[in-house]
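So this one's protein-v6.txt, compact mmCIF, C-alpha atoms and all ligand atoms:
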```
# COMPACT_ATOMS: atom_id res chain seq x y z
CA MET S 28 14.47 20.39 -31.59
CA ARG S 29 12.12 21.95 -34.11
CA TYR S 30 8.35 21.73 -34.36
CA PHE S 31 6.46 21.93 -37.60
CA GLY S 32 2.87 23.07 -37.71
CA PRO S 33 0.42 21.21 -39.92
CA LEU S 34 2.04 20.62 -43.28
CA ARG S 35 0.24 21.17 -46.51
CA LYS S 36 0.47 17.50 -47.43
CA ARG S 37 -2.94 15.88 -47.27
CA GLY S 38 -3.90 12.23 -47.22
CA PRO S 39 -5.09 9.34 -45.05
CA PRO S 40 -3.39 8.68 -41.65
CA HIS S 41 -1.10 6.02 -43.07
CA PHE S 42 1.43 6.27 -40.24
CA LEU S 43 0.96 6.07 -36.49
CA HIS S 44 1.43 8.83 -33.93
CA GLY S 45 4.94 8.78 -32.51
CA SER S 46 6.36 6.91 -35.47
CA PHE S 47 9.35 8.13 -37.42
CA VAL S 48 8.72 9.90 -40.67
CA TYR S 49 12.44 10.18 -41.25
CA LYS S 50 15.25 8.69 -39.21
CA GLY S 51 18.85 9.41 -40.05
CA PRO S 52 22.11 9.47 -38.14
CA GLU S 53 22.12 13.24 -37.60
CA ARG S 54 18.41 14.12 -37.42
CA GLN S 55 15.03 12.51 -37.09
CA VAL S 56 11.48 13.57 -37.83
CA LYS S 57 8.65 12.16 -35.76
CA LEU S 58 4.90 12.33 -36.28
CA LEU S 59 3.39 14.11 -33.25
CA SER S 60 -0.28 14.09 -34.24
CA LEU S 61 -2.67 14.26 -37.12
CA HIS S 62 -5.07 17.15 -37.52
CA ARG S 63 -8.28 15.95 -39.07
CA LEU S 64 -9.64 18.35 -41.67
CA THR S 65 -12.39 16.34 -43.31
CA ASN S 66 -13.30 12.64 -43.26
CA SER S 67 -10.40 11.80 -45.49
CA ASN S 68 -8.04 14.77 -45.15
CA TYR S 69 -5.37 15.00 -42.41
CA HIS S 70 -2.50 17.38 -41.73
CA PRO S 71 0.46 15.68 -40.09
CA VAL S 72 2.13 17.62 -37.24
CA LEU S 73 5.83 16.78 -37.20
CA MET S 74 8.72 17.25 -34.79
CA GLU S 75 12.33 17.30 -35.88
CA THR S 76 15.25 16.62 -33.55
CA ASN S 77 18.91 16.94 -34.43
CA PHE S 78 20.15 13.88 -32.64
CA SER S 79 18.87 10.53 -33.61
CA PHE S 80 18.75 8.07 -30.75
CA ASP S 81 16.74 4.94 -30.40
CA SER S 82 14.70 5.14 -27.18
CA ASN S 83 14.17 1.36 -27.31
CA LEU S 84 17.92 0.86 -27.24
CA ILE S 85 18.23 3.02 -24.11
CA VAL S 86 15.50 1.00 -22.37
CA ILE S 87 17.26 -2.25 -23.34
CA VAL S 88 20.61 -0.93 -22.03
CA ILE S 89 19.04 0.12 -18.69
CA ILE S 90 17.25 -3.24 -18.27
CA THR S 91 20.48 -5.09 -19.13
CA LEU S 92 22.43 -3.07 -16.54
CA PHE S 93 19.85 -3.83 -13.84
CA ALA S 94 19.66 -7.51 -14.78
CA THR S 95 23.46 -7.82 -14.74
CA ARG S 96 23.59 -6.20 -11.31
CA ILE S 97 20.93 -8.53 -9.89
CA ILE S 98 22.58 -11.64 -11.40
CA ALA S 99 26.04 -10.56 -10.19
CA LYS S 100 24.72 -9.95 -6.68
CA ARG S 101 22.84 -13.26 -6.60
CA PHE S 102 25.43 -15.58 -8.08
CA LEU S 103 28.83 -13.89 -7.96
CA SER S 104 28.84 -12.30 -4.52
CA THR S 105 31.50 -13.76 -2.31
CA PRO S 106 30.07 -15.67 0.64
CA LYS S 107 30.53 -13.92 3.97
CA MET S 108 33.43 -15.36 5.86
CA VAL S 109 32.51 -15.94 9.46
CA SER S 110 35.25 -17.35 11.63
CA GLN S 111 34.58 -20.55 13.56
CA GLU S 112 35.60 -18.60 16.63
CA THR S 113 32.77 -16.08 16.14
CA ILE S 114 30.29 -18.86 15.46
CA ALA S 115 31.34 -20.63 18.65
CA HIS S 116 31.10 -17.34 20.56
CA VAL S 117 27.56 -16.66 19.27
CA LYS S 118 26.46 -20.23 20.00
CA ASP S 119 27.79 -19.71 23.49
CA LEU S 120 25.77 -16.48 23.86
CA ILE S 121 22.62 -18.25 22.63
CA GLY S 122 23.04 -20.96 25.25
CA GLN S 123 24.12 -18.72 28.12
CA LYS S 124 20.60 -17.98 29.39
CA GLU S 125 17.05 -19.18 28.75
CA VAL S 126 16.20 -16.39 26.31
CA PHE S 127 18.43 -14.90 23.62
CA VAL S 128 17.41 -11.93 21.46
CA ALA S 129 19.60 -10.28 18.84
CA ALA S 130 18.07 -6.87 18.18
CA LYS S 131 18.79 -3.39 16.85
CA THR S 132 17.83 -0.23 18.75
CA TYR S 133 15.94 1.37 15.84
CA CYS S 134 14.05 -1.77 14.82
CA PRO S 135 10.28 -1.65 15.51
CA TYR S 136 9.96 -5.46 15.30
CA CYS S 137 12.65 -5.75 17.96
CA LYS S 138 10.81 -3.29 20.20
CA ALA S 139 7.64 -5.38 19.80
CA THR S 140 9.50 -8.60 20.65
CA LEU S 141 11.20 -7.12 23.71
CA SER S 142 7.88 -5.68 24.88
CA THR S 143 6.13 -9.06 24.44
CA LEU S 144 8.82 -10.92 26.34
CA PHE S 145 9.68 -8.50 29.13
CA GLN S 146 6.51 -6.41 29.64
CA GLU S 147 3.65 -8.62 28.57
CA LEU S 148 4.98 -12.04 29.55
CA ASN S 149 7.18 -10.82 32.40
CA VAL S 150 10.27 -12.76 31.46
CA PRO S 151 12.89 -11.71 34.04
CA LYS S 152 15.65 -9.73 32.32
CA SER S 153 18.15 -11.73 34.37
CA LYS S 154 17.13 -14.78 32.34
CA ALA S 155 17.88 -13.21 28.99
CA VAL S 156 20.77 -12.11 26.83
CA VAL S 157 19.75 -9.18 24.64
CA LEU S 158 22.25 -7.91 22.10
CA GLU S 159 21.70 -4.56 20.43
CA LEU S 160 23.81 -5.32 17.37
CA ASP S 161 23.90 -1.74 16.04
CA GLU S 162 25.59 -0.60 19.23
CA MET S 163 28.26 -3.30 19.20
CA SER S 164 31.57 -2.93 17.39
CA ASN S 165 31.36 -6.58 16.27
CA GLY S 166 27.56 -6.41 15.69
CA SER S 167 27.70 -7.10 11.97
CA GLU S 168 30.04 -10.04 12.56
CA ILE S 169 27.54 -11.46 15.07
CA GLN S 170 24.72 -10.91 12.56
CA ASP S 171 26.72 -12.83 9.93
CA ALA S 172 27.26 -15.64 12.43
CA LEU S 173 23.55 -15.72 13.32
CA GLU S 174 22.74 -16.02 9.64
CA GLU S 175 25.17 -18.91 9.34
CA ILE S 176 23.76 -20.66 12.44
CA SER S 177 20.01 -20.04 12.03
CA GLY S 178 19.65 -19.12 8.35
CA GLN S 179 18.04 -15.88 9.52
CA ARG S 180 19.68 -12.54 8.92
CA THR S 181 16.94 -10.21 10.14
CA VAL S 182 16.49 -8.95 13.67
CA PRO S 183 14.95 -9.69 16.08
CA ASN S 184 16.44 -13.16 16.11
CA VAL S 185 14.98 -15.04 19.06
CA TYR S 186 16.06 -18.24 20.77
CA ILE S 187 14.33 -19.80 23.77
CA ASN S 188 16.16 -22.53 25.67
CA GLY S 189 18.55 -22.87 22.76
CA LYS S 190 15.72 -23.44 20.27
CA HIS S 191 15.52 -21.09 17.33
CA ILE S 192 12.15 -19.30 17.41
CA GLY S 193 12.70 -16.82 14.56
CA GLY S 194 11.64 -13.19 14.24
CA ASN S 195 8.88 -11.13 15.79
CA SER S 196 6.18 -12.57 13.52
CA ASP S 197 7.19 -16.11 14.57
CA LEU S 198 7.08 -15.10 18.22
CA GLU S 199 3.63 -13.54 17.74
CA ALA S 200 2.37 -16.66 15.96
CA LEU S 201 3.55 -18.84 18.86
CA LYS S 202 1.90 -16.47 21.31
CA LYS S 203 -1.39 -16.69 19.41
CA ASN S 204 -1.46 -20.47 19.20
CA GLY S 205 -0.50 -20.81 22.87
CA LYS S 206 2.83 -22.55 22.30
CA LEU S 207 4.96 -19.65 23.53
CA ALA S 208 3.86 -20.16 27.14
CA GLU S 209 5.01 -23.78 26.83
CA PHE S 210 8.41 -22.72 25.43
CA LEU S 211 8.79 -20.23 28.27
CA LYS S 212 7.85 -22.63 31.08
CA PRO S 213 11.48 -23.39 32.07
CA VAL S 214 12.10 -19.64 32.33
CA PHE S 215 9.67 -19.40 35.27
CA GLU S 216 10.63 -22.63 37.04
N1 LIG S 301 9.27 -10.42 9.61
C1 LIG S 301 10.42 -10.03 10.40
C2 LIG S 301 10.85 -8.63 10.01
C3 LIG S 301 12.18 -8.24 10.65
C4 LIG S 301 12.89 -7.12 9.90
O1 LIG S 301 12.54 -6.80 8.76
N2 LIG S 301 13.89 -6.55 10.55
C5 LIG S 301 14.72 -5.56 9.91
C6 LIG S 301 15.05 -4.46 10.91
S1 LIG S 301 13.59 -3.61 11.46
C7 LIG S 301 16.06 -6.18 9.54
O2 LIG S 301 16.50 -7.12 10.16
N3 LIG S 301 16.70 -5.61 8.51
C8 LIG S 301 17.99 -6.08 8.08
C9 LIG S 301 19.10 -5.59 8.94
O3 LIG S 301 18.90 -4.75 9.84
O4 LIG S 301 20.23 -6.06 8.69
C10 LIG S 301 10.06 -10.16 11.86
O5 LIG S 301 8.85 -10.22 12.16
O6 LIG S 301 10.95 -10.22 12.68
```

Using the file provided, produce a representation of the structure as structure tokens.
Ligand SMILES: N[C@@H](CCC(=O)N[C@@H](CS)C(=O)NCC(=O)O)C(=O)O
Amino acid sequence: MRYFGPLRKRGPPHFLHGSFVYKGPERQVKLLSLHRLTNSNYHPVLMETNFSFDSNLIVIVIITLFATRIIAKRFLSTPKMVSQETIAHVKDLIGQKEVFVAAKTYCPYCKATLSTLFQELNVPKSKAVVLELDEMSNGSEIQDALEEISGQRTVPNVYINGKHIGGNSDLEALKKNGKLAEFLKPVFE
């Protein structure tokens, strides 16, 4: 890369900053800036590089790569295969007790949900099945099955009396509008 100071050539600023003064396969010369001398006299400051590459082309290539990746992920990814056996097993777990929560130990939303149910609302732990999926060898399989059954992949995934409640925000919304107490009634009977 080589910089040229102001050249002797004088004239109006007929080309834009950053534009190519010369562009060949082995070198290119770009206009860096124009030094104003008088109202009508300018010195161009030029920069010469040995390798000519089109920065627009690089941007297009990067965007194309990203777009291809997103499209491939969205449309070409193979659907997760969850065995009917696992689905039946998870459905069984959901129905085993009044409350079912699929959680992960590090998940703050899960902590909030468990605190709402067991500390705030005093749901007896004996009435609930809580799965910490990240501590289970078949946790990801169960998560796939939950997605298949409820359409929800995130944790916490809450069921009360076999009814899908949703995540922590859904639980909080039900708590706010007073419907959660109604859902939990059978738990305390
Ligand atoms: N809006 C959801 C947010 C739940 C969420 O984002 N959970 C994260 C974990 S903290 C999750 O499930 N991530 C995907 C995963 O762990 O597979 C809720 O209120 O429950």

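With only C-alpha atoms as the atoms that count, the residue of S:Asn188, S:Gln123, S:Thr181, S:Thr140 with the shortest distance to Ala200 in chain S is S:Thr140.
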
Check: Mind pulling up the distance from CA of Arg180 in chain S to atom O4 of ligand LIG 301 (chain S)?
Finding: 6.5 Å

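Residue nearest Ala208 in chain S within the list S:Lys100, S:Ser167, S:Val150, S:Met74: S:Val150 [criterion: smallest interatomic distance, only C-alpha atoms].
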
Checklist line | Within 12 Å of ligand LIG 301 (chain S) (all atoms listed in the file), residues as an MDAnalysis selection string | finding: chainID S and resid 128:141 159:161 166:171 173:174 179:185 192:200

Take the residues just selected and output them with C-alpha atoms as a PDB file, in the coordinates of the input.
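again.pdb written:
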```
ATOM      1  CA  VAL S 128      17.410 -11.930  21.460  1.00  0.00           C
ATOM      2  CA  ALA S 129      19.600 -10.280  18.840  1.00  0.00           C
ATOM      3  CA  ALA S 130      18.070  -6.870  18.180  1.00  0.00           C
ATOM      4  CA  LYS S 131      18.790  -3.390  16.850  1.00  0.00           C
ATOM      5  CA  THR S 132      17.830  -0.230  18.750  1.00  0.00           C
ATOM      6  CA  TYR S 133      15.940   1.370  15.840  1.00  0.00           C
ATOM      7  CA  CYS S 134      14.050  -1.770  14.820  1.00  0.00           C
ATOM      8  CA  PRO S 135      10.280  -1.650  15.510  1.00  0.00           C
ATOM      9  CA  TYR S 136       9.960  -5.460  15.300  1.00  0.00           C
ATOM     10  CA  CYS S 137      12.650  -5.750  17.960  1.00  0.00           C
ATOM     11  CA  LYS S 138      10.810  -3.290  20.200  1.00  0.00           C
ATOM     12  CA  ALA S 139       7.640  -5.380  19.800  1.00  0.00           C
ATOM     13  CA  THR S 140       9.500  -8.600  20.650  1.00  0.00           C
ATOM     14  CA  LEU S 141      11.200  -7.120  23.710  1.00  0.00           C
ATOM     15  CA  GLU S 159      21.700  -4.560  20.430  1.00  0.00           C
ATOM     16  CA  LEU S 160      23.810  -5.320  17.370  1.00  0.00           C
ATOM     17  CA  ASP S 161      23.900  -1.740  16.040  1.00  0.00           C
ATOM     18  CA  GLY S 166      27.560  -6.410  15.690  1.00  0.00           C
ATOM     19  CA  SER S 167      27.700  -7.100  11.970  1.00  0.00           C
ATOM     20  CA  GLU S 168      30.040 -10.040  12.560  1.00  0.00           C
ATOM     21  CA  ILE S 169      27.540 -11.460  15.070  1.00  0.00           C
ATOM     22  CA  GLN S 170      24.720 -10.910  12.560  1.00  0.00           C
ATOM     23  CA  ASP S 171      26.720 -12.830   9.930  1.00  0.00           C
ATOM     24  CA  LEU S 173      23.550 -15.720  13.320  1.00  0.00           C
ATOM     25  CA  GLU S 174      22.740 -16.020   9.640  1.00  0.00           C
ATOM     26  CA  GLN S 179      18.040 -15.880   9.520  1.00  0.00           C
ATOM     27  CA  ARG S 180      19.680 -12.540   8.920  1.00  0.00           C
ATOM     28  CA  THR S 181      16.940 -10.210  10.140  1.00  0.00           C
ATOM     29  CA  VAL S 182      16.490  -8.950  13.670  1.00  0.00           C
ATOM     30  CA  PRO S 183      14.950  -9.690  16.080  1.00  0.00           C
ATOM     31  CA  ASN S 184      16.440 -13.160  16.110  1.00  0.00           C
ATOM     32  CA  VAL S 185      14.980 -15.040  19.060  1.00  0.00           C
ATOM     33  CA  ILE S 192      12.150 -19.300  17.410  1.00  0.00           C
ATOM     34  CA  GLY S 193      12.700 -16.820  14.560  1.00  0.00           C
ATOM     35  CA  GLY S 194      11.640 -13.190  14.240  1.00  0.00           C
ATOM     36  CA  ASN S 195       8.880 -11.130  15.790  1.00  0.00           C
ATOM     37  CA  SER S 196       6.180 -12.570  13.520  1.00  0.00           C
ATOM     38  CA  ASP S 197       7.190 -16.110  14.570  1.00  0.00           C
ATOM     39  CA  LEU S 198       7.080 -15.100  18.220  1.00  0.00           C
ATOM     40  CA  GLU S 199       3.630 -13.540  17.740  1.00  0.00           C
ATOM     41  CA  ALA S 200       2.370 -16.660  15.960  1.00  0.00           C
TER      42      ALA S 200
END
```

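For the choices S:Leu103, S:Ile85, S:Val126, S:Leu73, the atom-to-atom distance to Phe145 in chain S is smallest for S:Val126 when using all atoms listed in the file.
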
Checklist line | Among the residues S:Val72, S:Lys203, S:Asn77, S:Val109, the one that comes closest to Glu53 in chain S [using all atoms listed in the file] | finding: S:Asn77

Next item on the list: For CA of Met108 in chain S and CA of Lys124 in chain S, quote the distance in Å rounded to one decimal.
Entry: 26.9 Å

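The two atoms in question, CA of Gly189 in chain S and CA of Ile121 in chain S, are spaced 6.2 Å apart.
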
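Take the candidates S:Gly122, S:Glu175, S:Pro71, S:Arg54 and check each one against Ser110 in chain S using all atoms listed in the file; the shortest distance goes to S:Glu175.
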
Per-axis box centre and lengths in Å around range 114-126 of chain S, 5 Å margin per side, axis-aligned, as AutoDock Vina command-line options:
```
--center_x 23.8 --center_y -18.7 --center_z 22.4 --size_x 25.1 --size_y 14.6 --size_z 23.9
```
